[in-house]
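Read through the structure below, which is laid out as structure tokens, and then see the notes.
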Protein chains: 2
Amino acid sequence: MHLDQTDKTLLKLLQKDCKQTNKALSNVLGLSVTAVYERIRKLENLGVINNYVALLNKERVDKSFVAFCHVKLVQHSQDYVVKFEREVAKLQEVLECYHISGDYDYILKVLVKDMQEFRTFMVEKLTKINHIGSTHSMFVINEVKHTTTISV
Amino acid sequence: MHLDQTDKTLLKLLQKDCKQTNKALSNVLGLSVTAVYERIRKLENLGVINNYVALLNKERVDKSFVAFCHVKLVQHSQDYVVKFEREVAKLQEVLECYHISGDYDYILKVLVKDMQEFRTFMVEKLTKINHIGSTHSMFVINEVKHTTTISV
DNA sequence: GATGAAACTGTGGTGCA
DNA sequence: TGCACCACAGTTTCATC
């Protein structure tokens, strides 16, 4: 796989706004509409472009509380790890979950309505998963930056 | 602002795939194409839908290393805070940055090619920002879950 | 990668409940 | 206010060069 400069520019444009017409893109890139169409198809087929999604304003859908939650398991047997990861992936409040190096095993990004809902999430959902040793939560005071755009 | 069940279903569908035609959406929702079109326009105008973007496979664009980086400032004067936030927002390697509660002031999600590039990022970019007291990095071993879909 | 044609979709007007 | 129907302009998509 090799991406030339045109591919990279195209990816940059589509990461910013994927609803642009091929005609608009063709103007920026100095190509024909078909050439743009074929490059996009190529990038999709190569799996460089995963999918196209609508991003919402979380405050407007009443989800204003973001927290990062560290989790440590009591043990690290494969059984426990697999089970925890499967259960946590099911929780819709958990937008992201990573297995990380350091004092804790996992870091989770959790999105809920408010502090009260976060408490409910912790008590009734997260800590209901077995084999969790300890957790440590950090609350987001302010979102400084949040982008889905990868520099290519 | 009030979102009915149809709006919520529509948001769920568009968060999964925003390239679906209004016709396909109208079939799922049991509405006419125009009705779907008008609801989407409404959600855009209300600012519920922020934008439409292409999501990339980070491995396919040679960005396989994710790290979370805690940052503490030496002081918390407004001047220092504003300056740090402005500088960090400019760094393309930083996908997310949050001001958080707890021992550290900020948590950053950093995406680069590999460990070596991370080192370069830390030495030549992040710690070049003034007034940083200390940092603490955690490396992602495995991505368990990563979604942009907010449950509505 | 360009051109041109066919099929389809987005978009806005009008009317109905 | 919200939806359905209709029609046109513009877009996607594909065959051909």
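Identifiers in this document derive from the order of the structure tokens: chains are assigned A, B, ..., residues are numbered from 1 separately in each chain, and ligands are numbered from 1 in order of occurrence.
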
Please give the root-mean-square deviation of the Cα atoms once chain A has been least-squares fitted onto chain B, pairing every Cα in order.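 Pairing the C-alpha atoms in order and fitting gives 0.0 Å.
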
Show me which bits of chain A are within 9 Å of chain C, counting only C-alpha atoms (C1' of nucleotides), as a PyMOL selection string. chain A and resi 31-32+34-35

Considering only C-alpha atoms (C1' of nucleotides), state which residue in the set B:Phe68, B:Phe121, B:Tyr37, B:Phe84 is at the smallest distance from chain D.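 When distances to chain D are compared using only C-alpha atoms (C1' of nucleotides), the smallest one comes from B:Tyr37.
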
How many Å lie between atom CA of A:Gln75 and atom CA of A:Lys109, rounded to one decimal? 22.1 Å

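In chain D, the set of residues within 9 Å of chain A (atoms considered: only C-alpha atoms (C1' of nucleotides)) is DT11, DT12 and DT13 of chain D.
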
Take the residues just selected and output them with C-alpha atoms (C1' of nucleotides) as a PDB file, in the first residue's frame.
ATOM      1  C1'  DT D  11     -24.640  13.643  -7.982  1.00  0.00           C
ATOM      2  C1'  DT D  12     -23.019   8.987  -8.032  1.00  0.00           C
ATOM      3  C1'  DT D  13     -21.578   5.347 -10.697  1.00  0.00           C
TER       4       DT D  13
END

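Taking atom CA of A:Leu108 and atom CA of B:Val74 as endpoints, the distance between them is 27.0 Å.
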
Using only C-alpha atoms, what does the table of chain B residues within 6 Å of chain A look like, with each row giving the shortest atom pair and its distance in Å to one decimal, sorted by chain and ascending number, as JSON lines?
{"residue": "B:Leu14", "atom": "CA", "partner": "A:Ala54", "partner_atom": "CA", "distance": 5.5}
{"residue": "B:Gln15", "atom": "CA", "partner": "A:Ala54", "partner_atom": "CA", "distance": 4.6}
{"residue": "B:Lys16", "atom": "CA", "partner": "A:Val53", "partner_atom": "CA", "distance": 5.7}
{"residue": "B:Asp17", "atom": "CA", "partner": "A:Val53", "partner_atom": "CA", "distance": 5.0}
{"residue": "B:Cys18", "atom": "CA", "partner": "A:Val53", "partner_atom": "CA", "distance": 4.8}
{"residue": "B:Val48", "atom": "CA", "partner": "A:Asn57", "partner_atom": "CA", "distance": 5.2}
{"residue": "B:Ile49", "atom": "CA", "partner": "A:Leu56", "partner_atom": "CA", "distance": 4.5}
{"residue": "B:Asn50", "atom": "CA", "partner": "A:Leu56", "partner_atom": "CA", "distance": 5.1}
{"residue": "B:Asn51", "atom": "CA", "partner": "A:Leu55", "partner_atom": "CA", "distance": 5.4}
{"residue": "B:Tyr52", "atom": "CA", "partner": "A:Ala54", "partner_atom": "CA", "distance": 4.5}
{"residue": "B:Val53", "atom": "CA", "partner": "A:Cys18", "partner_atom": "CA", "distance": 4.8}
{"residue": "B:Ala54", "atom": "CA", "partner": "A:Tyr52", "partner_atom": "CA", "distance": 4.5}
{"residue": "B:Leu55", "atom": "CA", "partner": "A:Asn51", "partner_atom": "CA", "distance": 5.4}
{"residue": "B:Leu56", "atom": "CA", "partner": "A:Ile49", "partner_atom": "CA", "distance": 4.5}
{"residue": "B:Asn57", "atom": "CA", "partner": "A:Val48", "partner_atom": "CA", "distance": 5.2}
{"residue": "B:Arg60", "atom": "CA", "partner": "A:Val48", "partner_atom": "CA", "distance": 5.5}
{"residue": "B:Ala89", "atom": "CA", "partner": "A:Lys145", "partner_atom": "CA", "distance": 5.9}
{"residue": "B:Leu95", "atom": "CA", "partner": "A:Thr147", "partner_atom": "CA", "distance": 5.3}
{"residue": "B:Glu96", "atom": "CA", "partner": "A:His146", "partner_atom": "CA", "distance": 4.4}
{"residue": "B:Cys97", "atom": "CA", "partner": "A:Lys145", "partner_atom": "CA", "distance": 4.9}
{"residue": "B:Tyr98", "atom": "CA", "partner": "A:Glu143", "partner_atom": "CA", "distance": 4.7}
{"residue": "B:His99", "atom": "CA", "partner": "A:Asn142", "partner_atom": "CA", "distance": 5.0}
{"residue": "B:Ile100", "atom": "CA", "partner": "A:Val140", "partner_atom": "CA", "distance": 4.4}
{"residue": "B:Ser101", "atom": "CA", "partner": "A:Phe139", "partner_atom": "CA", "distance": 5.4}
{"residue": "B:Met138", "atom": "CA", "partner": "A:Ser101", "partner_atom": "CA", "distance": 5.5}
{"residue": "B:Phe139", "atom": "CA", "partner": "A:Ser101", "partner_atom": "CA", "distance": 5.3}
{"residue": "B:Val140", "atom": "CA", "partner": "A:Ile100", "partner_atom": "CA", "distance": 4.5}
{"residue": "B:Ile141", "atom": "CA", "partner": "A:Ile100", "partner_atom": "CA", "distance": 5.1}
{"residue": "B:Asn142", "atom": "CA", "partner": "A:His99", "partner_atom": "CA", "distance": 5.0}
{"residue": "B:Glu143", "atom": "CA", "partner": "A:Tyr98", "partner_atom": "CA", "distance": 4.7}
{"residue": "B:Val144", "atom": "CA", "partner": "A:Cys97", "partner_atom": "CA", "distance": 5.3}
{"residue": "B:Lys145", "atom": "CA", "partner": "A:Cys97", "partner_atom": "CA", "distance": 4.9}
{"residue": "B:His146", "atom": "CA", "partner": "A:Glu96", "partner_atom": "CA", "distance": 4.4}
{"residue": "B:Thr147", "atom": "CA", "partner": "A:Leu95", "partner_atom": "CA", "distance": 5.3}

Selection to disk with N, CA and C atoms, as a tab-separated table (two decimals), in the first residue's frame:
chain	number	residue	atom	x	y	z
B	14	LEU	N	-27.40	7.42	12.01
B	14	LEU	CA	-26.41	8.31	11.40
B	14	LEU	C	-25.05	8.26	12.10
B	15	GLN	N	-25.06	7.94	13.39
B	15	GLN	CA	-23.80	7.79	14.10
B	15	GLN	C	-23.07	6.52	13.68
B	16	LYS	N	-23.84	5.56	13.16
B	16	LYS	CA	-23.24	4.31	12.72
B	16	LYS	C	-22.75	4.44	11.27
B	17	ASP	N	-23.57	5.09	10.45
B	17	ASP	CA	-23.23	5.25	9.03
B	17	ASP	C	-24.00	6.44	8.46
B	18	CYS	N	-23.26	7.52	8.23
B	18	CYS	CA	-23.92	8.74	7.77
B	18	CYS	C	-24.02	8.80	6.26
B	48	VAL	N	-27.49	19.49	17.17
B	48	VAL	CA	-27.39	18.15	17.75
B	48	VAL	C	-26.35	17.36	16.95
B	49	ILE	N	-26.46	17.45	15.63
B	49	ILE	CA	-25.42	16.88	14.76
B	49	ILE	C	-24.37	17.94	14.52
B	50	ASN	N	-23.15	17.65	14.92
B	50	ASN	CA	-22.05	18.60	14.75
B	50	ASN	C	-21.49	18.58	13.34
B	51	ASN	N	-21.09	17.38	12.90
B	51	ASN	CA	-20.52	17.25	11.57
B	51	ASN	C	-20.47	15.79	11.13
B	52	TYR	N	-20.09	15.61	9.89
B	52	TYR	CA	-19.99	14.27	9.31
B	52	TYR	C	-18.54	14.04	8.91
B	53	VAL	N	-17.97	12.95	9.40
B	53	VAL	CA	-16.55	12.73	9.15
B	53	VAL	C	-16.26	11.30	8.72
B	54	ALA	N	-15.14	11.13	8.04
B	54	ALA	CA	-14.60	9.81	7.73
B	54	ALA	C	-13.68	9.39	8.86
B	55	LEU	N	-13.86	8.18	9.35
B	55	LEU	CA	-12.96	7.65	10.38
B	55	LEU	C	-11.96	6.70	9.72
B	56	LEU	N	-10.69	6.89	10.04
B	56	LEU	CA	-9.64	6.09	9.41
B	56	LEU	C	-9.19	4.94	10.31
B	57	ASN	N	-8.60	3.95	9.71
B	57	ASN	CA	-7.91	2.88	10.41
B	57	ASN	C	-6.51	3.37	10.70
B	60	ARG	N	-3.43	1.61	9.34
B	60	ARG	CA	-3.23	1.70	7.89
B	60	ARG	C	-2.60	3.02	7.45
B	89	ALA	N	-3.36	22.47	21.93
B	89	ALA	CA	-4.40	22.28	20.91
B	89	ALA	C	-3.81	22.31	19.50
B	95	LEU	N	-4.79	14.09	20.07
B	95	LEU	CA	-6.16	13.97	19.58
B	95	LEU	C	-7.16	14.51	20.60
B	96	GLU	N	-6.84	14.30	21.87
B	96	GLU	CA	-7.75	14.76	22.92
B	96	GLU	C	-6.95	15.34	24.08
B	97	CYS	N	-7.51	16.36	24.71
B	97	CYS	CA	-6.89	16.96	25.89
B	97	CYS	C	-7.99	17.43	26.83
B	98	TYR	N	-7.92	16.97	28.08
B	98	TYR	CA	-8.94	17.34	29.06
B	98	TYR	C	-8.29	17.89	30.32
B	99	HIS	N	-8.91	18.91	30.85
B	99	HIS	CA	-8.54	19.43	32.16
B	99	HIS	C	-9.31	18.56	33.17
B	100	ILE	N	-8.59	17.91	34.06
B	100	ILE	CA	-9.24	16.94	34.94
B	100	ILE	C	-8.96	17.19	36.42
B	101	SER	N	-9.79	16.57	37.22
B	101	SER	CA	-9.59	16.58	38.67
B	101	SER	C	-8.53	15.56	39.05
B	138	MET	N	1.34	6.80	30.02
B	138	MET	CA	0.87	5.41	30.05
B	138	MET	C	0.69	4.96	28.61
B	139	PHE	N	1.26	3.82	28.29
B	139	PHE	CA	1.20	3.35	26.90
B	139	PHE	C	0.06	2.37	26.71
B	140	VAL	N	-0.59	2.49	25.58
B	140	VAL	CA	-1.70	1.58	25.28
B	140	VAL	C	-1.15	0.25	24.76
B	141	ILE	N	-1.50	-0.81	25.46
B	141	ILE	CA	-1.08	-2.16	25.07
B	141	ILE	C	-2.09	-2.73	24.08
B	142	ASN	N	-3.35	-2.45	24.34
B	142	ASN	CA	-4.41	-2.98	23.48
B	142	ASN	C	-5.65	-2.10	23.54
B	143	GLU	N	-6.24	-1.85	22.37
B	143	GLU	CA	-7.47	-1.07	22.33
B	143	GLU	C	-8.65	-2.03	22.46
B	144	VAL	N	-9.33	-1.97	23.57
B	144	VAL	CA	-10.44	-2.89	23.84
B	144	VAL	C	-11.72	-2.38	23.19
B	145	LYS	N	-11.95	-1.09	23.29
B	145	LYS	CA	-13.16	-0.49	22.70
B	145	LYS	C	-12.87	0.95	22.31
B	146	HIS	N	-13.44	1.36	21.19
B	146	HIS	CA	-13.29	2.74	20.76
B	146	HIS	C	-14.46	3.09	19.84
B	147	THR	N	-15.38	3.86	20.35
B	147	THR	CA	-16.54	4.24	19.55
B	147	THR	C	-16.80	5.74	19.63

Identify all residues of stretch 28-76 of chain A in alpha helix (DSSP H) (DSSP on the backbone) and supply them as a list of chain:residue names. A:Val28, A:Leu29, A:Val33, A:Thr34, A:Ala35, A:Val36, A:Tyr37, A:Glu38, A:Arg39, A:Ile40, A:Arg41, A:Lys42, A:Leu43, A:Glu44, A:Asn45

Taking only C-alpha atoms into account, name the residue in A:Asp114, A:Glu38, A:Asp7, A:Glu87 that is nearest to A:Ile132.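 Smallest distance to A:Ile132 is found for A:Glu87.
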